[in-house]
$ cat start.txt   # compact mmCIF, N, CA and C atoms
# COMPACT_ATOMS: atom_id res chain seq x y z
N MET A 3 0.87 -19.69 19.63
CA MET A 3 -0.36 -18.94 19.72
C MET A 3 -0.64 -18.53 21.16
N ARG A 4 -0.43 -19.47 22.09
CA ARG A 4 -0.66 -19.19 23.50
C ARG A 4 0.26 -18.07 23.97
N SER A 5 1.50 -18.08 23.47
CA SER A 5 2.45 -17.04 23.84
C SER A 5 1.97 -15.67 23.34
N PHE A 6 1.43 -15.65 22.14
CA PHE A 6 0.92 -14.40 21.59
C PHE A 6 -0.22 -13.88 22.45
N ILE A 7 -1.12 -14.76 22.85
CA ILE A 7 -2.26 -14.34 23.68
C ILE A 7 -1.78 -13.82 25.03
N ARG A 8 -0.80 -14.48 25.61
CA ARG A 8 -0.25 -13.99 26.88
C ARG A 8 0.38 -12.62 26.71
N HIS A 9 1.13 -12.46 25.60
CA HIS A 9 1.78 -11.18 25.33
C HIS A 9 0.73 -10.09 25.16
N LEU A 10 -0.33 -10.39 24.40
CA LEU A 10 -1.41 -9.43 24.19
C LEU A 10 -2.09 -9.10 25.52
N ALA A 11 -2.32 -10.10 26.33
CA ALA A 11 -2.94 -9.87 27.64
C ALA A 11 -2.07 -8.96 28.51
N LEU A 12 -0.76 -9.16 28.46
CA LEU A 12 0.16 -8.32 29.23
C LEU A 12 0.09 -6.87 28.74
N ILE A 13 0.07 -6.69 27.43
CA ILE A 13 -0.01 -5.34 26.89
C ILE A 13 -1.32 -4.68 27.31
N VAL A 14 -2.41 -5.40 27.23
CA VAL A 14 -3.71 -4.86 27.63
C VAL A 14 -3.69 -4.51 29.11
N PHE A 15 -3.11 -5.38 29.94
CA PHE A 15 -3.03 -5.13 31.38
C PHE A 15 -2.24 -3.85 31.66
N VAL A 16 -1.08 -3.72 31.01
CA VAL A 16 -0.26 -2.52 31.21
C VAL A 16 -1.02 -1.30 30.70
N PHE A 17 -1.68 -1.46 29.58
CA PHE A 17 -2.46 -0.38 29.00
C PHE A 17 -3.56 0.06 29.95
N LEU A 18 -4.25 -0.89 30.57
CA LEU A 18 -5.32 -0.57 31.51
C LEU A 18 -4.79 0.15 32.74
N GLY A 19 -3.58 -0.18 33.14
CA GLY A 19 -3.02 0.38 34.36
C GLY A 19 -2.91 1.89 34.34
N GLY A 20 -2.60 2.48 33.22
CA GLY A 20 -2.41 3.92 33.19
C GLY A 20 -3.29 4.65 32.21
N LEU A 21 -4.12 3.94 31.53
CA LEU A 21 -4.91 4.54 30.48
C LEU A 21 -5.93 5.54 31.00
N SER A 22 -6.54 5.25 32.11
CA SER A 22 -7.64 6.11 32.55
C SER A 22 -7.19 7.54 32.78
N ALA A 23 -6.03 7.74 33.35
CA ALA A 23 -5.56 9.10 33.59
C ALA A 23 -5.29 9.83 32.29
N SER A 24 -4.72 9.12 31.32
CA SER A 24 -4.38 9.79 30.06
C SER A 24 -5.62 10.11 29.25
N PHE A 25 -6.63 9.26 29.29
CA PHE A 25 -7.82 9.52 28.51
C PHE A 25 -8.79 10.44 29.24
N ALA A 26 -8.71 10.49 30.54
CA ALA A 26 -9.58 11.38 31.29
C ALA A 26 -9.19 12.83 31.03
N ALA A 27 -7.88 13.09 30.87
CA ALA A 27 -7.40 14.43 30.58
C ALA A 27 -7.60 14.70 29.09
N GLN A 28 -8.21 15.81 28.79
CA GLN A 28 -8.42 16.16 27.39
C GLN A 28 -7.11 16.69 26.80
N PRO A 29 -6.78 16.28 25.58
CA PRO A 29 -5.54 16.73 24.97
C PRO A 29 -5.61 18.20 24.59
N ASP A 30 -4.45 18.82 24.53
CA ASP A 30 -4.35 20.22 24.12
C ASP A 30 -4.63 20.30 22.62
N PRO A 31 -5.70 21.00 22.21
CA PRO A 31 -6.07 21.04 20.80
C PRO A 31 -4.97 21.61 19.90
N ASP A 32 -4.27 22.64 20.37
CA ASP A 32 -3.20 23.23 19.55
C ASP A 32 -2.06 22.24 19.35
N ALA A 33 -1.70 21.54 20.41
CA ALA A 33 -0.63 20.54 20.30
C ALA A 33 -1.06 19.41 19.38
N MET A 34 -2.33 19.03 19.47
CA MET A 34 -2.83 17.96 18.62
C MET A 34 -2.80 18.36 17.15
N ARG A 35 -3.25 19.59 16.86
CA ARG A 35 -3.23 20.08 15.48
C ARG A 35 -1.80 20.13 14.94
N ALA A 36 -0.87 20.59 15.77
CA ALA A 36 0.53 20.67 15.35
C ALA A 36 1.10 19.28 15.08
N ARG A 37 0.75 18.32 15.93
CA ARG A 37 1.24 16.95 15.74
C ARG A 37 0.65 16.35 14.46
N ILE A 38 -0.63 16.59 14.21
CA ILE A 38 -1.27 16.06 13.00
C ILE A 38 -0.63 16.67 11.75
N GLU A 39 -0.38 17.98 11.80
CA GLU A 39 0.25 18.64 10.65
C GLU A 39 1.66 18.11 10.42
N GLN A 40 2.40 17.88 11.51
CA GLN A 40 3.75 17.33 11.38
C GLN A 40 3.72 15.93 10.78
N GLN A 41 2.76 15.13 11.22
CA GLN A 41 2.63 13.78 10.66
C GLN A 41 2.28 13.84 9.18
N TRP A 42 1.43 14.78 8.79
CA TRP A 42 1.08 14.95 7.37
C TRP A 42 2.32 15.32 6.57
N GLN A 43 3.08 16.29 7.06
CA GLN A 43 4.29 16.72 6.35
C GLN A 43 5.30 15.57 6.23
N ASP A 44 5.44 14.80 7.30
CA ASP A 44 6.34 13.63 7.26
C ASP A 44 5.86 12.62 6.22
N MET A 45 4.55 12.41 6.17
CA MET A 45 4.00 11.46 5.21
C MET A 45 4.23 11.94 3.78
N VAL A 46 3.98 13.22 3.52
CA VAL A 46 4.20 13.79 2.19
C VAL A 46 5.65 13.58 1.76
N GLN A 47 6.56 13.85 2.67
CA GLN A 47 7.99 13.72 2.37
C GLN A 47 8.38 12.26 2.14
N ARG A 48 7.98 11.39 3.05
CA ARG A 48 8.38 9.98 2.93
C ARG A 48 7.77 9.29 1.72
N LEU A 49 6.54 9.66 1.39
CA LEU A 49 5.88 9.05 0.23
C LEU A 49 6.27 9.74 -1.07
N GLN A 50 6.94 10.88 -0.94
CA GLN A 50 7.33 11.68 -2.11
C GLN A 50 6.13 11.94 -3.01
N LEU A 51 5.09 12.50 -2.40
CA LEU A 51 3.85 12.76 -3.11
C LEU A 51 4.02 13.90 -4.11
N SER A 52 3.41 13.75 -5.27
CA SER A 52 3.37 14.82 -6.26
C SER A 52 2.34 15.84 -5.81
N ASP A 53 2.33 17.00 -6.45
CA ASP A 53 1.34 18.02 -6.12
C ASP A 53 -0.08 17.50 -6.32
N GLU A 54 -0.28 16.73 -7.39
CA GLU A 54 -1.60 16.17 -7.67
C GLU A 54 -2.01 15.16 -6.58
N GLN A 55 -1.06 14.35 -6.15
CA GLN A 55 -1.35 13.38 -5.09
C GLN A 55 -1.65 14.09 -3.77
N ILE A 56 -0.92 15.16 -3.49
CA ILE A 56 -1.17 15.92 -2.26
C ILE A 56 -2.59 16.47 -2.28
N ALA A 57 -2.97 17.07 -3.40
CA ALA A 57 -4.31 17.65 -3.51
C ALA A 57 -5.40 16.59 -3.34
N ALA A 58 -5.16 15.39 -3.86
CA ALA A 58 -6.16 14.33 -3.75
C ALA A 58 -6.14 13.65 -2.39
N ALA A 59 -4.96 13.50 -1.80
CA ALA A 59 -4.82 12.73 -0.56
C ALA A 59 -5.16 13.54 0.70
N LYS A 60 -4.87 14.83 0.70
CA LYS A 60 -5.05 15.61 1.92
C LYS A 60 -6.49 15.55 2.45
N PRO A 61 -7.52 15.75 1.61
CA PRO A 61 -8.89 15.66 2.15
C PRO A 61 -9.22 14.27 2.71
N ILE A 62 -8.68 13.25 2.09
CA ILE A 62 -8.92 11.87 2.56
C ILE A 62 -8.28 11.68 3.93
N VAL A 63 -7.04 12.10 4.07
CA VAL A 63 -6.32 11.95 5.33
C VAL A 63 -7.01 12.78 6.41
N GLU A 64 -7.41 14.00 6.07
CA GLU A 64 -8.10 14.85 7.05
C GLU A 64 -9.41 14.23 7.51
N GLU A 65 -10.18 13.68 6.56
CA GLU A 65 -11.45 13.04 6.91
C GLU A 65 -11.25 11.87 7.86
N HIS A 66 -10.29 11.03 7.57
CA HIS A 66 -10.06 9.85 8.40
C HIS A 66 -9.40 10.23 9.73
N THR A 67 -8.58 11.25 9.73
CA THR A 67 -8.00 11.73 10.98
C THR A 67 -9.10 12.25 11.89
N GLN A 68 -10.02 13.01 11.32
CA GLN A 68 -11.15 13.52 12.11
C GLN A 68 -12.00 12.36 12.64
N ALA A 69 -12.20 11.35 11.83
CA ALA A 69 -12.99 10.18 12.28
C ALA A 69 -12.30 9.50 13.46
N ARG A 70 -10.97 9.35 13.40
CA ARG A 70 -10.25 8.72 14.52
C ARG A 70 -10.28 9.61 15.75
N MET A 71 -10.21 10.92 15.57
CA MET A 71 -10.31 11.83 16.72
C MET A 71 -11.68 11.73 17.36
N THR A 72 -12.73 11.57 16.55
CA THR A 72 -14.08 11.40 17.08
C THR A 72 -14.19 10.09 17.86
N ILE A 73 -13.61 9.03 17.33
CA ILE A 73 -13.61 7.74 18.04
C ILE A 73 -12.96 7.91 19.41
N LEU A 74 -11.79 8.56 19.45
CA LEU A 74 -11.09 8.76 20.73
C LEU A 74 -11.87 9.68 21.66
N SER A 75 -12.48 10.71 21.11
CA SER A 75 -13.27 11.64 21.92
C SER A 75 -14.46 10.91 22.55
N ASP A 76 -15.13 10.10 21.76
CA ASP A 76 -16.26 9.33 22.29
C ASP A 76 -15.79 8.36 23.37
N PHE A 77 -14.63 7.77 23.15
CA PHE A 77 -14.07 6.85 24.14
C PHE A 77 -13.79 7.59 25.45
N ARG A 78 -13.16 8.76 25.34
CA ARG A 78 -12.85 9.55 26.54
C ARG A 78 -14.12 9.97 27.25
N ALA A 79 -15.15 10.36 26.49
CA ALA A 79 -16.41 10.82 27.09
C ALA A 79 -17.09 9.71 27.87
N GLY A 80 -16.83 8.47 27.50
CA GLY A 80 -17.45 7.35 28.20
C GLY A 80 -16.76 6.96 29.49
N LEU A 81 -15.67 7.64 29.82
CA LEU A 81 -14.92 7.33 31.04
C LEU A 81 -15.10 8.42 32.08
N ALA A 82 -15.40 8.01 33.28
CA ALA A 82 -15.42 8.95 34.39
C ALA A 82 -13.97 9.19 34.83
N PRO A 83 -13.67 10.34 35.43
CA PRO A 83 -12.30 10.58 35.89
C PRO A 83 -11.83 9.44 36.81
N GLY A 84 -10.67 8.91 36.49
CA GLY A 84 -10.10 7.83 37.28
C GLY A 84 -10.62 6.45 36.91
N GLN A 85 -11.60 6.37 36.04
CA GLN A 85 -12.16 5.08 35.66
C GLN A 85 -11.24 4.38 34.67
N LYS A 86 -11.03 3.10 34.90
CA LYS A 86 -10.25 2.29 33.98
C LYS A 86 -11.20 1.62 32.99
N PRO A 87 -10.88 1.69 31.71
CA PRO A 87 -11.75 1.05 30.73
C PRO A 87 -11.67 -0.46 30.84
N SER A 88 -12.75 -1.11 30.48
CA SER A 88 -12.77 -2.57 30.50
C SER A 88 -11.98 -3.09 29.32
N ARG A 89 -11.60 -4.34 29.40
CA ARG A 89 -10.87 -4.98 28.29
C ARG A 89 -11.72 -4.94 27.02
N GLY A 90 -13.00 -5.22 27.17
CA GLY A 90 -13.90 -5.19 26.01
C GLY A 90 -13.96 -3.81 25.37
N THR A 91 -13.97 -2.78 26.20
CA THR A 91 -13.98 -1.41 25.68
C THR A 91 -12.71 -1.12 24.91
N LEU A 92 -11.58 -1.56 25.46
CA LEU A 92 -10.30 -1.36 24.77
C LEU A 92 -10.24 -2.12 23.46
N MET A 93 -10.78 -3.32 23.45
CA MET A 93 -10.78 -4.10 22.22
C MET A 93 -11.68 -3.44 21.17
N THR A 94 -12.80 -2.89 21.61
CA THR A 94 -13.69 -2.18 20.69
C THR A 94 -12.98 -0.95 20.12
N LEU A 95 -12.29 -0.21 20.98
CA LEU A 95 -11.53 0.95 20.53
C LEU A 95 -10.48 0.53 19.50
N ARG A 96 -9.75 -0.53 19.79
CA ARG A 96 -8.72 -1.02 18.87
C ARG A 96 -9.34 -1.39 17.53
N ASP A 97 -10.46 -2.09 17.56
CA ASP A 97 -11.12 -2.51 16.33
C ASP A 97 -11.60 -1.31 15.51
N GLN A 98 -12.15 -0.30 16.18
CA GLN A 98 -12.60 0.89 15.47
C GLN A 98 -11.44 1.64 14.84
N MET A 99 -10.34 1.75 15.56
CA MET A 99 -9.16 2.45 15.02
C MET A 99 -8.57 1.67 13.84
N GLN A 100 -8.50 0.36 13.96
CA GLN A 100 -7.98 -0.45 12.85
C GLN A 100 -8.87 -0.32 11.62
N ALA A 101 -10.17 -0.32 11.82
CA ALA A 101 -11.10 -0.18 10.70
C ALA A 101 -10.94 1.18 10.03
N SER A 102 -10.73 2.21 10.83
CA SER A 102 -10.54 3.55 10.28
C SER A 102 -9.25 3.62 9.47
N ARG A 103 -8.18 3.04 9.99
CA ARG A 103 -6.91 3.03 9.25
C ARG A 103 -7.04 2.24 7.95
N ALA A 104 -7.73 1.11 8.00
CA ALA A 104 -7.92 0.29 6.80
C ALA A 104 -8.76 1.04 5.76
N ALA A 105 -9.77 1.77 6.21
CA ALA A 105 -10.60 2.54 5.28
C ALA A 105 -9.79 3.66 4.64
N MET A 106 -8.93 4.30 5.42
CA MET A 106 -8.08 5.35 4.85
C MET A 106 -7.15 4.78 3.80
N ARG A 107 -6.56 3.64 4.10
CA ARG A 107 -5.66 3.01 3.14
C ARG A 107 -6.40 2.67 1.85
N ALA A 108 -7.61 2.13 1.99
CA ALA A 108 -8.40 1.78 0.81
C ALA A 108 -8.74 3.02 -0.01
N ASP A 109 -9.05 4.13 0.66
CA ASP A 109 -9.37 5.37 -0.04
C ASP A 109 -8.14 5.97 -0.73
N LEU A 110 -6.95 5.74 -0.15
CA LEU A 110 -5.72 6.27 -0.73
C LEU A 110 -5.15 5.37 -1.83
N ALA A 111 -5.56 4.12 -1.86
CA ALA A 111 -4.99 3.15 -2.81
C ALA A 111 -5.05 3.61 -4.26
N PRO A 112 -6.16 4.19 -4.74
CA PRO A 112 -6.19 4.62 -6.14
C PRO A 112 -5.27 5.80 -6.45
N ILE A 113 -4.85 6.52 -5.42
CA ILE A 113 -4.04 7.72 -5.59
C ILE A 113 -2.55 7.39 -5.55
N LEU A 114 -2.18 6.41 -4.72
CA LEU A 114 -0.78 6.09 -4.48
C LEU A 114 -0.30 4.95 -5.37
N THR A 115 1.01 4.94 -5.60
CA THR A 115 1.62 3.82 -6.31
C THR A 115 1.77 2.65 -5.34
N PRO A 116 2.00 1.44 -5.85
CA PRO A 116 2.23 0.31 -4.94
C PRO A 116 3.41 0.56 -3.98
N GLU A 117 4.44 1.23 -4.45
CA GLU A 117 5.59 1.53 -3.59
C GLU A 117 5.19 2.50 -2.48
N GLN A 118 4.38 3.49 -2.83
CA GLN A 118 3.93 4.45 -1.82
C GLN A 118 3.00 3.79 -0.81
N LEU A 119 2.16 2.88 -1.27
CA LEU A 119 1.29 2.14 -0.33
C LEU A 119 2.12 1.31 0.64
N ALA A 120 3.18 0.69 0.13
CA ALA A 120 4.07 -0.09 1.00
C ALA A 120 4.73 0.82 2.04
N GLU A 121 5.13 2.01 1.62
CA GLU A 121 5.74 2.95 2.56
C GLU A 121 4.70 3.47 3.56
N LEU A 122 3.47 3.68 3.10
CA LEU A 122 2.39 4.08 4.02
C LEU A 122 2.19 3.01 5.09
N ASP A 123 2.21 1.76 4.67
CA ASP A 123 2.09 0.65 5.63
C ASP A 123 3.24 0.69 6.64
N ALA A 124 4.45 0.99 6.16
CA ALA A 124 5.61 1.07 7.06
C ALA A 124 5.43 2.22 8.05
N ILE A 125 4.95 3.35 7.59
CA ILE A 125 4.71 4.50 8.47
C ILE A 125 3.70 4.12 9.56
N GLN A 126 2.61 3.48 9.16
CA GLN A 126 1.59 3.09 10.13
C GLN A 126 2.13 2.06 11.12
N ASP A 127 2.95 1.12 10.63
CA ASP A 127 3.57 0.13 11.52
C ASP A 127 4.47 0.82 12.54
N GLU A 128 5.24 1.81 12.10
CA GLU A 128 6.13 2.55 13.00
C GLU A 128 5.33 3.29 14.07
N ARG A 129 4.23 3.89 13.67
CA ARG A 129 3.40 4.63 14.64
C ARG A 129 2.78 3.68 15.66
N ARG A 130 2.33 2.52 15.19
CA ARG A 130 1.77 1.54 16.13
C ARG A 130 2.86 1.04 17.09
N ALA A 131 4.05 0.79 16.58
CA ALA A 131 5.16 0.33 17.43
C ALA A 131 5.51 1.39 18.47
N ALA A 132 5.53 2.65 18.05
CA ALA A 132 5.83 3.73 19.00
C ALA A 132 4.77 3.80 20.09
N MET A 133 3.50 3.61 19.70
CA MET A 133 2.43 3.64 20.70
C MET A 133 2.55 2.47 21.66
N ARG A 134 2.86 1.29 21.13
CA ARG A 134 3.04 0.12 22.01
C ARG A 134 4.19 0.36 22.98
N GLU A 135 5.27 0.98 22.52
CA GLU A 135 6.41 1.26 23.39
C GLU A 135 6.02 2.25 24.48
N LYS A 136 5.24 3.27 24.12
CA LYS A 136 4.76 4.22 25.13
C LYS A 136 3.95 3.51 26.19
N ILE A 137 3.08 2.61 25.74
CA ILE A 137 2.23 1.88 26.68
C ILE A 137 3.08 1.03 27.60
N ARG A 138 4.06 0.34 27.05
CA ARG A 138 4.95 -0.49 27.87
C ARG A 138 5.70 0.32 28.91
N ASN A 139 6.06 1.57 28.55
CA ASN A 139 6.80 2.43 29.46
C ASN A 139 5.90 3.24 30.37
N GLY A 140 4.59 3.09 30.22
CA GLY A 140 3.66 3.81 31.08
C GLY A 140 3.54 5.28 30.74
N ASP A 141 4.04 5.70 29.58
CA ASP A 141 4.00 7.09 29.17
C ASP A 141 2.84 7.27 28.19
N PHE A 142 1.69 7.66 28.70
CA PHE A 142 0.49 7.71 27.89
C PHE A 142 0.22 9.10 27.30
N ASN A 143 1.00 10.09 27.69
CA ASN A 143 0.73 11.46 27.22
C ASN A 143 1.78 11.97 26.25
N ALA A 144 2.92 11.30 26.13
CA ALA A 144 3.97 11.78 25.23
C ALA A 144 3.56 11.52 23.79
N GLU A 145 4.16 12.28 22.90
CA GLU A 145 3.89 12.09 21.48
C GLU A 145 4.67 10.89 20.98
N PRO A 146 4.07 10.12 20.06
CA PRO A 146 4.80 8.96 19.53
C PRO A 146 5.97 9.36 18.67
$ encode --input "start.txt" --output "structure tokens"
Amino acid sequence: MRSFIRHLALIVFVFLGGLSASFAAQPDPDAMRARIEQQWQDMVQRLQLSDEQIAAAKPIVEEHTQARMTILSDFRAGLAPGQKPSRGTLMTLRDQMQASRAAMRADLAPILTPEQLAELDAIQDERRAAMREKIRNGDFNAEP
């Protein structure tokens, strides 16, 4: 347990080191929209969604994606240029993002099969791992 806490503290420390510059700069809206659309298409393909599932899932995914973008936008707005967020602020951000992902999963559960839910979990795990790797490498602006 102590090792886990040390590892988490190291990740947070590395995250704090370069986060302020990446969050102070506003993302390119066109690039963000393109990345979101690509992630949607990847999800549709990997989950092998039927037309009915696509019609039901797309508004849910869009709603939760918008909610996460609002969370990040509010986070960025609370930082002055060059300001490093506090550990507590980062933990709050993490908690809000996790809650949003959990809510999306719960909303998608009635639409997806158990196998598709398991694959959705794998997709989300991969995205989180990619983000952690970016943080470790100090690359806060590249796409996961």
$ select_by_dssp --input "start.txt" --residues "stretch 39-110 of chain A" --states "helix (DSSP H, G or I)" --output "PyMOL selection string"
chain A and resi 39-49+53-79+89-110
$ residues_around --input "start.txt" --residues "stretch 40-52 of chain A" --least-positions-apart "6" --cutoff "8 Å" --atoms "only N, CA and C atoms" --output "NGL selection string"
:A and (34 or 58 or 117-119 or 121-122 or 125)
$ write_last_selection --input "start.txt" --atoms "N, CA and C atoms" --output "mmCIF file, in the coordinates of the input"
data_model
loop_
_atom_site.group_PDB
_atom_site.id
_atom_site.type_symbol
_atom_site.label_atom_id
_atom_site.label_comp_id
_atom_site.auth_asym_id
_atom_site.auth_seq_id
_atom_site.Cartn_x
_atom_site.Cartn_y
_atom_site.Cartn_z
ATOM 1 N N MET A 34 -2.330 19.030 19.470
ATOM 2 C CA MET A 34 -2.830 17.960 18.620
ATOM 3 C C MET A 34 -2.800 18.360 17.150
ATOM 4 N N ALA A 58 -5.160 15.390 -3.860
ATOM 5 C CA ALA A 58 -6.160 14.330 -3.750
ATOM 6 C C ALA A 58 -6.140 13.650 -2.390
ATOM 7 N N GLU A 117 4.440 1.230 -4.450
ATOM 8 C CA GLU A 117 5.590 1.530 -3.590
ATOM 9 C C GLU A 117 5.190 2.500 -2.480
ATOM 10 N N GLN A 118 4.380 3.490 -2.830
ATOM 11 C CA GLN A 118 3.930 4.450 -1.820
ATOM 12 C C GLN A 118 3.000 3.790 -0.810
ATOM 13 N N LEU A 119 2.160 2.880 -1.270
ATOM 14 C CA LEU A 119 1.290 2.140 -0.330
ATOM 15 C C LEU A 119 2.120 1.310 0.640
ATOM 16 N N GLU A 121 5.130 2.010 1.620
ATOM 17 C CA GLU A 121 5.740 2.950 2.560
ATOM 18 C C GLU A 121 4.700 3.470 3.560
ATOM 19 N N LEU A 122 3.470 3.680 3.100
ATOM 20 C CA LEU A 122 2.390 4.080 4.020
ATOM 21 C C LEU A 122 2.190 3.010 5.090
ATOM 22 N N ILE A 125 4.950 3.350 7.590
ATOM 23 C CA ILE A 125 4.710 4.500 8.470
ATOM 24 C C ILE A 125 3.700 4.120 9.560
#
$ axis_aligned_box --input "start.txt" --around "stretch 108-119 of chain A" --padding-each-side "6 Å" --output "JSON"
{"center_x": -1.9, "center_y": 4.0, "center_z": -2.2, "size_x": 27.0, "size_y": 19.4, "size_z": 20.4}
$ atom_distance --input "start.txt" --atom1 "atom N of A:Ala124" --atom2 "atom C of A:Ala59"
16.7 Å
$ atom_distance --input "start.txt" --atom1 "atom CA of A:Leu114" --atom2 "atom CA of A:Met133"
25.5 Å
